[in-house]
Amino acid sequence: MIEVTANNNEDLINELGDAHIPTSAKTPLRDDAFELSNEEKIARIEESVKDILETLGMDLTDDSLKGTPKRVAKAYVNEIFMGLHPDNKPSASTFDNNYNYGEMLVEKNIVVYSTCEHHLLPIVGRAHVAYISNGKVIGLSKMNRIVEYFAKRPQVQERLTMQVVQAMQEALGTQDVACVIDAKHLCVNSRGVKDIESSTITAEFGGKFKQKETKQEFLDYLKMDTDFQGI
């Protein structure tokens, strides 16, 4: 355990952020996170963005910039970080597996748009989610919605991967869920080391997916060519 003191606190914060180290498997939220309405949050964020731009020396009387603080505030609350609010959690309706499908189901190439919580820069990539039914199945679009919900918040990729698996496990009532995410982090690609080629891969395997054969089967599915442009 690192002892945090007044002298090393700032260095520790910088080290955690630059190394993209998560501090919790849960999104860190205050107890009063939802006391303000969305409209109140937008108004406050608008003023904060205005202050940032003015501090940077931008002329907010320019026609191109006049609406920027409000646009950013609305995008933060209603789009980019909409996954913070529990009211936006998708209903994960499940159905009986009446056709007795007994193999794994894999939903590949789910688009991920998220935001690095250390620098508030985009994370862009693909998620691949799989499960093995124990009597329940979930609509395919719901898997995309679950990924989107947890992606639309300040994130670290490891936490996002775990949260997707945990949400699927809860919805389906089974531990047999897996998720792999491959994404580019603009905080790495556009600043710092500025490595535009690198991407980050994270994985979370639950239940039967921890078994070598089942895990390998899942990973083999991800290698399959699914380019259907000719259809």
# chains A, B, ... in the order shown; residues from 1 in each chain; ligands from 1
$ select_by_dssp --residues "range 143-200 of chain A" --states "helix (DSSP H, G or I)" --output "list in words"
Met143, Asn144, Arg145, Ile146, Val147, Glu148, Tyr149, Phe150, Ala151, Gln157, Glu158, Arg159, Leu160, Thr161, Met162, Gln163, Val164, Val165, Gln166, Ala167, Met168, Gln169, Glu170, Ala171, Leu172, Leu186, Cys187, Val188 and Asn189 of chain A
$ residues_around --residues "Glu148 in chain A" --least-positions-apart "2" --cutoff "9 Å" --atoms "only C-alpha atoms" --output "list of chain:residue names"
A:Gly83, A:Ile110, A:Val111, A:Val112, A:Tyr113, A:Ser114, A:Met143, A:Asn144, A:Arg145, A:Ile146, A:Phe150, A:Ala151, A:Lys152
$ write_last_selection --atoms "C-alpha atoms" --output "mmCIF file, in the first residue's frame"
data_model
loop_
_atom_site.group_PDB
_atom_site.id
_atom_site.type_symbol
_atom_site.label_atom_id
_atom_site.label_comp_id
_atom_site.auth_asym_id
_atom_site.auth_seq_id
_atom_site.Cartn_x
_atom_site.Cartn_y
_atom_site.Cartn_z
ATOM 1 C CA GLY A 83 -24.222 6.214 -18.828
ATOM 2 C CA ILE A 110 -19.840 -3.836 -30.960
ATOM 3 C CA VAL A 111 -18.655 -0.263 -31.452
ATOM 4 C CA VAL A 112 -17.235 1.340 -28.306
ATOM 5 C CA TYR A 113 -17.147 5.105 -27.858
ATOM 6 C CA SER A 114 -15.980 5.987 -24.369
ATOM 7 C CA MET A 143 -25.949 -6.602 -25.611
ATOM 8 C CA ASN A 144 -25.027 -3.537 -27.665
ATOM 9 C CA ARG A 145 -27.025 -1.331 -25.316
ATOM 10 C CA ILE A 146 -25.268 -2.712 -22.246
ATOM 11 C CA PHE A 150 -21.189 1.468 -19.444
ATOM 12 C CA ALA A 151 -19.021 3.071 -22.137
ATOM 13 C CA LYS A 152 -20.834 6.406 -21.915
#
$ residues_around --residues "Thr68 in chain A" --least-positions-apart "6" --cutoff "12 Å" --atoms "only C-alpha atoms" --output "JSON, numbers by chain"
{"A": [45, 46, 47, 48, 49, 50, 51, 52, 53, 54, 58, 59, 60, 61, 62, 74, 75]}
$ write_last_selection --atoms "N, CA and C atoms" --output "tab-separated table (two decimals), in the first residue's frame"
chain	number	residue	atom	x	y	z
A	45	ILE	N	-22.28	23.14	-16.10
A	45	ILE	CA	-21.18	22.75	-16.98
A	45	ILE	C	-20.97	23.82	-18.05
A	46	GLU	N	-22.06	24.41	-18.54
A	46	GLU	CA	-21.94	25.49	-19.53
A	46	GLU	C	-21.06	26.62	-19.00
A	47	GLU	N	-21.29	27.02	-17.76
A	47	GLU	CA	-20.49	28.08	-17.18
A	47	GLU	C	-19.03	27.65	-17.01
A	48	SER	N	-18.82	26.39	-16.66
A	48	SER	CA	-17.45	25.89	-16.47
A	48	SER	C	-16.70	25.84	-17.80
A	49	VAL	N	-17.37	25.39	-18.86
A	49	VAL	CA	-16.73	25.34	-20.18
A	49	VAL	C	-16.43	26.75	-20.67
A	50	LYS	N	-17.35	27.65	-20.43
A	50	LYS	CA	-17.13	29.06	-20.80
A	50	LYS	C	-15.88	29.60	-20.11
A	51	ASP	N	-15.73	29.28	-18.82
A	51	ASP	CA	-14.57	29.75	-18.07
A	51	ASP	C	-13.28	29.14	-18.62
A	52	ILE	N	-13.31	27.86	-18.98
A	52	ILE	CA	-12.12	27.21	-19.55
A	52	ILE	C	-11.71	27.89	-20.85
A	53	LEU	N	-12.67	28.10	-21.75
A	53	LEU	CA	-12.35	28.69	-23.04
A	53	LEU	C	-11.85	30.12	-22.89
A	54	GLU	N	-12.47	30.88	-21.99
A	54	GLU	CA	-12.02	32.25	-21.77
A	54	GLU	C	-10.63	32.28	-21.15
A	58	MET	N	-9.86	32.33	-25.67
A	58	MET	CA	-10.79	32.29	-26.79
A	58	MET	C	-11.81	33.42	-26.70
A	59	ASP	N	-12.18	33.95	-27.87
A	59	ASP	CA	-13.16	35.03	-27.96
A	59	ASP	C	-14.55	34.43	-28.14
A	60	LEU	N	-15.31	34.38	-27.06
A	60	LEU	CA	-16.62	33.74	-27.11
A	60	LEU	C	-17.69	34.62	-27.74
A	61	THR	N	-17.31	35.83	-28.20
A	61	THR	CA	-18.26	36.63	-28.97
A	61	THR	C	-18.23	36.24	-30.45
A	62	ASP	N	-17.26	35.45	-30.84
A	62	ASP	CA	-17.18	34.98	-32.22
A	62	ASP	C	-18.35	34.05	-32.51
A	74	LYS	N	-24.50	20.12	-23.04
A	74	LYS	CA	-25.57	19.20	-23.42
A	74	LYS	C	-25.02	17.86	-23.87
A	75	ALA	N	-23.91	17.89	-24.61
A	75	ALA	CA	-23.31	16.64	-25.06
A	75	ALA	C	-22.80	15.82	-23.88
$ select_by_dssp --residues "range 55-211 of chain A" --states "strand (DSSP E)" --output "JSON, numbers by chain"
{"A": [94, 95, 96, 104, 105, 106, 107, 108, 109, 110, 111, 112, 113, 114, 115, 116, 122, 123, 124, 125, 126, 127, 128, 129, 130, 131, 132, 136, 137, 138, 154, 155, 177, 178, 179, 180, 181, 182, 183, 184, 185, 200, 201, 202, 203, 204, 205]}
$ residues_around --residues "Gln175 in chain A" --least-positions-apart "4" --cutoff "10 Å" --atoms "only C-alpha atoms" --output "ChimeraX atom specification"
/A:131-134,165-166,168-170,205-209
$ residues_around --residues "His85 in chain A" --least-positions-apart "4" --cutoff "12 Å" --atoms "only C-alpha atoms" --output "count of residues only"
21
$ residues_around --residues "Cys116 in chain A" --least-positions-apart "5" --cutoff "6 Å" --atoms "only C-alpha atoms" --output "CSV table (one decimal) with N, CA and C atoms, in the first residue's frame"
chain,number,residue,atom,x,y,z
A,121,LEU,N,-10.3,12.2,-22.8
A,121,LEU,CA,-10.1,12.1,-24.2
A,121,LEU,C,-10.8,10.8,-24.7
A,154,PRO,N,-17.0,8.6,-17.9
A,154,PRO,CA,-15.5,8.5,-17.7
A,154,PRO,C,-15.1,7.1,-17.3
A,155,GLN,N,-14.2,6.5,-18.1
A,155,GLN,CA,-13.9,5.1,-17.9
A,155,GLN,C,-12.4,4.8,-18.0
A,156,VAL,N,-12.1,3.6,-17.5
A,156,VAL,CA,-10.9,2.9,-17.8
A,156,VAL,C,-11.3,1.6,-18.5
$ decode --residues "range 108-135 of chain A" --atoms "C-alpha atoms" --output "mmCIF file, in the first residue's frame"
data_model
loop_
_atom_site.group_PDB
_atom_site.id
_atom_site.type_symbol
_atom_site.label_atom_id
_atom_site.label_comp_id
_atom_site.auth_asym_id
_atom_site.auth_seq_id
_atom_site.Cartn_x
_atom_site.Cartn_y
_atom_site.Cartn_z
ATOM 1 C CA LYS A 108 -18.784 -9.354 -32.312
ATOM 2 C CA ASN A 109 -17.587 -5.891 -33.226
ATOM 3 C CA ILE A 110 -19.840 -3.836 -30.960
ATOM 4 C CA VAL A 111 -18.655 -0.263 -31.452
ATOM 5 C CA VAL A 112 -17.235 1.340 -28.306
ATOM 6 C CA TYR A 113 -17.147 5.105 -27.858
ATOM 7 C CA SER A 114 -15.980 5.987 -24.369
ATOM 8 C CA THR A 115 -13.928 8.622 -22.557
ATOM 9 C CA CYS A 116 -10.710 8.144 -20.609
ATOM 10 C CA GLU A 117 -11.335 9.348 -17.070
ATOM 11 C CA HIS A 118 -7.727 10.494 -16.656
ATOM 12 C CA HIS A 119 -7.593 13.031 -19.503
ATOM 13 C CA LEU A 120 -11.220 13.155 -20.758
ATOM 14 C CA LEU A 121 -10.119 12.099 -24.240
ATOM 15 C CA PRO A 122 -11.900 9.524 -26.421
ATOM 16 C CA ILE A 123 -11.543 5.751 -26.279
ATOM 17 C CA VAL A 124 -12.652 4.173 -29.558
ATOM 18 C CA GLY A 125 -12.761 0.482 -30.340
ATOM 19 C CA ARG A 126 -14.738 -2.741 -30.533
ATOM 20 C CA ALA A 127 -16.222 -5.044 -27.913
ATOM 21 C CA HIS A 128 -16.876 -8.752 -28.368
ATOM 22 C CA VAL A 129 -19.342 -10.303 -25.912
ATOM 23 C CA ALA A 130 -20.340 -13.961 -25.498
ATOM 24 C CA TYR A 131 -22.452 -16.088 -23.197
ATOM 25 C CA ILE A 132 -23.654 -19.645 -22.784
ATOM 26 C CA SER A 133 -27.330 -19.940 -21.905
ATOM 27 C CA ASN A 134 -28.401 -21.752 -18.775
ATOM 28 C CA GLY A 135 -32.060 -21.430 -19.740
#
